[in-house]
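Enquirer: Please see the structure below; I have some questions.
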Amino acid sequence: MPSASSSRRIAVPDAEHAALGFFALLVTFAWTFVAGKDASWDVYNHHLYLPFSLLSGRYETDLFAAGPQSYQNPLGYIPFYLLVKAELPSWLVGAALVTLHTVLIAWPLSRIVSTIWSDPGDRGWRWMAFVAAWCAPVFLIVAGTSSIDPLGAGLALIAAAAVLDRKPTRRMLILGGAAVGLAVAIKPTSAVFAIASGTLLLFRYGLNQVRLRDFWLFCATCIVSLVISNGFWASWLWLAFHNPIFPLYNHIFNSPFIPPNAAAASRFVPTEITGFVSRIWQMVEFRSYVTTEAFVPDLRPIAAALASLALAGLAIVRRGPRALLQARMWTRADAQLGILIVVSYPLWMAITGNARYAVAWFILIGIAMVRAFQLVLPSRYAKIALGVVLSIQILVYTGVGQRRYVGEPWDSEPYFAVAVPPMLRDQPFLHLSLGVQTFASVATYLNPRGALINTSGQFTLPAEGPLGEAVKERLAKWQGRTRVLFQAPPHFEDSETMETVRQRMRNLLYRFGLAIDWTDCEVIWIGYDRKQLPSLTVPQTEKASSPLLSCNAAPRPQRDLELEAQLARADQVFDLLQAHCPAVFGPPPLASDIGDGVVQRRYVNTDVRVNVSPSKGVSLAHFRSLNTVTLGTIDEVIASEGRDACSAWEKLWQQ
């Protein structure tokens, strides 16, 4: 049986490390340019906006400009921002990003496989493990994109390589601690891998493989790195909102600006303990919204789990139950890789369960799968079995899997094609954006001395309370220079569509005492073909997306008592649902959105949307289901005679 003891000397030639890296770069380049450019919701919402807000100072004047994502640490998005602002061709931006991602991940990955297969004769196993790790769908879907998930994964893998090293050096421990500290700064969910890496070091200390000061060096470096890379941003959030990770976990910090609840996306978190186990085989299912929003079926976790269980069973049969308790077995690098994976898995699942936040875990599981197959089966059969598994994995994902969340072909145009009217470039305005998609990235093309607030969307802003006062202060400051930003729907020029949109916009602005002056609107084009630049006053071209409208905001002429009565009645419904089932309908939004004949609230933790309509009654909707569930009329729900909201939510969630 091949050995993977941490005490063995690593003798892998540098040329092989270079070959692995070159192979990874070549394959990822090819994949990235086949998969296309990422044009997902996040790109337009906050990927470009966050570094702009930091470097321009707009973070101090804007307010929820990109919704709840407005207050992520912008540090990780700066490379993408600089590439885009340099107006490089989109394919060159992609090439730079894929190079950064590949180098950051391939280097620690080659060290890890070399630690486990340390003999020069193990070259075939090292290559197979490298390939098995690299074909993780959740990595491939974000490779070469503006997402910071590949960056966080690479930094977490550097920490994993340091703590798995046969004899970690001070330099590697400092590098690993600094890397995972930076990973936590740019993506707080990376704390899962910081905890798992520290746990493994403590475990190795118990086996006399490392010194206690090695553990403290790693932890201290991690903390120092986190403070340096996140200290400024966290301190500003504390001063501005009294919460250093605003708007998250406000049940701990009690910022007066948002409800004192734990705001955390739970769309992928198992509702029962058994879900932690069943998720392993659910990852193979042919559907989206299993571990992430995209369709990324992954056979490797279940294959690794089954092979590992078979390996444990063989050890018990051959040497008895005590075989699993022998210290000698746990000094092996492959066993310690298993500890790293097992410790991080439940932490990740309990916090988010979203595969995008655990790219490093999915890369490591590929290595574990290869090692488990090697130890369970004779070498020849292990390689055949692995070849079958990897072939199925690659063919299924490349054939029917989702290559990008939203993909577009690469071209020689700028990554962002935005045409802004001269007035909006030359003069600063306060823009109030309306919609779940804030298009905050467009702010980088408007006058930088302006401001942006997303008043209605993922996190609807109120007109009262501390947050409402913050909105009113900005409205007072920008009086006469406030505009409304929203996306024009298809066929906006149709009179019926236009009237519907006008009514909806009037309702969304009502609580702020504003209305739209439809005689003063400018058009912002996104995604246009530069060779066929449309007039800024004509309908969209075939390639351009629906335009954004920037319209002047004027004082509302009079009150609408009927609308206020409808809103008060809807609030009764919301209050009852929130009290009856707080785990689902929570945290409670600070305000309701008023559409065309419907009042709506969206609850950020579960993404459930509650619609209250005088004509259609009370209904629930959810991003995972095309169906809606009706609870009854408004009167029935208020009288507690309608359908039970908690059980209705369970049914909707399971569809």
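Residue numbering restarts at 1 for every chain of the structure tokens, chains are lettered A, B, ... in their displayed order, and ligands are numbered from 1 as they appear.
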Using the chain letters and numbers from this document, which residues of segment 293-438 of chain A does DSSP assign to helix (DSSP H, G or I), as a VMD selection string?
Expert: chain A and resid 300 to 319 321 to 325 327 to 330 333 to 351 355 to 376 379 to 400 422 to 426
Enquirer: Please provide the set of residues having any atom within 10 Å of Ala303 of chain A, restricted to only C-alpha atoms, with same-chain residues fewer than 2 positions apart removed, written as a JSON list (two decimals) with C-alpha atoms, in the first residue's frame.
Expert:
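Writing the result to part.json gives the following:
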```json
[["chain", "number", "residue", "atom", "x", "y", "z"],
["A", 280, "ILE", "CA", -23.44, 14.63, -0.82],
["A", 281, "TRP", "CA", -25.49, 12.59, -3.30],
["A", 298, "ASP", "CA", -20.63, 16.91, -9.40],
["A", 299, "LEU", "CA", -20.03, 13.16, -9.12],
["A", 300, "ARG", "CA", -16.73, 13.44, -7.24],
["A", 301, "PRO", "CA", -17.99, 14.07, -3.66],
["A", 305, "ALA", "CA", -17.32, 9.46, 0.23],
["A", 306, "LEU", "CA", -18.10, 5.90, -0.89],
["A", 307, "ALA", "CA", -14.44, 5.06, -1.49],
["A", 308, "SER", "CA", -13.48, 6.49, 1.90],
["A", 365, "ILE", "CA", -12.36, 16.59, -2.67],
["A", 366, "GLY", "CA", -10.94, 15.66, -6.07],
["A", 368, "ALA", "CA", -9.25, 12.88, -1.71],
["A", 369, "MET", "CA", -11.23, 10.86, -4.26],
["A", 370, "VAL", "CA", -8.13, 9.80, -6.16],
["A", 372, "ALA", "CA", -9.24, 6.81, -1.63],
["A", 373, "PHE", "CA", -9.60, 4.87, -4.90],
["A", 386, "LEU", "CA", -11.05, 6.82, -11.74],
["A", 389, "VAL", "CA", -15.61, 8.59, -12.96]]
```
Enquirer: Check which residues of segment 144-185 of chain A sit at most 6 Å from segment 107-124 of chain A using only C-alpha atoms, and return one row each with the closest pair of atoms and their distance in Å to one decimal, ordered by chain and rising number, as CSV.
Expert:
```
residue,atom,partner,partner_atom,distance
A:Leu157,CA,A:Pro108,CA,5.8
A:Ile158,CA,A:Pro108,CA,5.1
A:Ala161,CA,A:Ile112,CA,5.4
```
Enquirer: Which of these residues is nearest to Gly465 of chain A, using only C-alpha atoms: A:Ser495, A:Ser255, A:Asn73, A:Asn261?
Expert: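 Closest candidate: A:Ser255.
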Enquirer: Would you please extract all strand (DSSP E or B) residues from segment 442-655 of chain A, as assigned by DSSP on the backbone, and give them as a VMD selection string?
Expert: chain A and resid 451 to 456 482 to 487 514 to 526 548 to 555 593 to 594 599 to 603 608 to 613 617 to 622 628 to 632
Enquirer: Within 8 Å of segment 55-70 of chain A, counting only C-alpha atoms, which residues qualify if same-chain residues fewer than 5 places away don't, as a list of chain:residue names?
Expert: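 Final neighbour list, sorted by chain and number: A:Asn45, A:His46, A:Tyr49, A:Leu50, A:Pro247, A:Ser433, A:Val436, A:Thr438, A:Phe439, A:Ala440, A:Pro448, A:Arg449, A:Ala451, A:Leu452, A:Ile453, A:Asn454, A:Thr455, A:Gly457, A:Gln458, A:Phe459, A:Val471.
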Enquirer: Ranking A:Thr102, A:Asn447, A:Asn605, A:Ser550 by minimum distance to Ala143 of chain A and counting only C-alpha atoms, which one comes first?
Expert: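 With only C-alpha atoms as the atom set, the closest residue is A:Thr102.
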Enquirer: Leaving out segment 412-416 of chain A and any residue of its chain fewer than 2 positions from it, which residues lie within 12 Å of it when counting only C-alpha atoms, given as number ranges by chain?
Expert: A: 36-39, 43-44, 47-48, 80-94, 145-146, 408-410, 418-419, 439, 441-442, 444-445, 525-531, 544
Enquirer: Which of these residues is nearest to Gly595 of chain A, using only C-alpha atoms: A:Val612, A:Ala470, A:Ala553, A:Ala358?
Expert: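 With only C-alpha atoms as the atom set, the closest residue is A:Val612.
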Enquirer: Within 10 Å of Ile638 of chain A, counting only C-alpha atoms, which residues qualify if same-chain residues fewer than 3 places away don't, as a PyMOL selection string?
Expert: chain A and resi 569-570+572-577+632-635+641-642
Enquirer: Which of these, A:Ala645, A:Leu375, A:Ala565, A:Val103, has the shortest distance to Cys581 of chain A once you count only C-alpha atoms?
Expert: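 The closest residue to Cys581 of chain A is A:Ala645.
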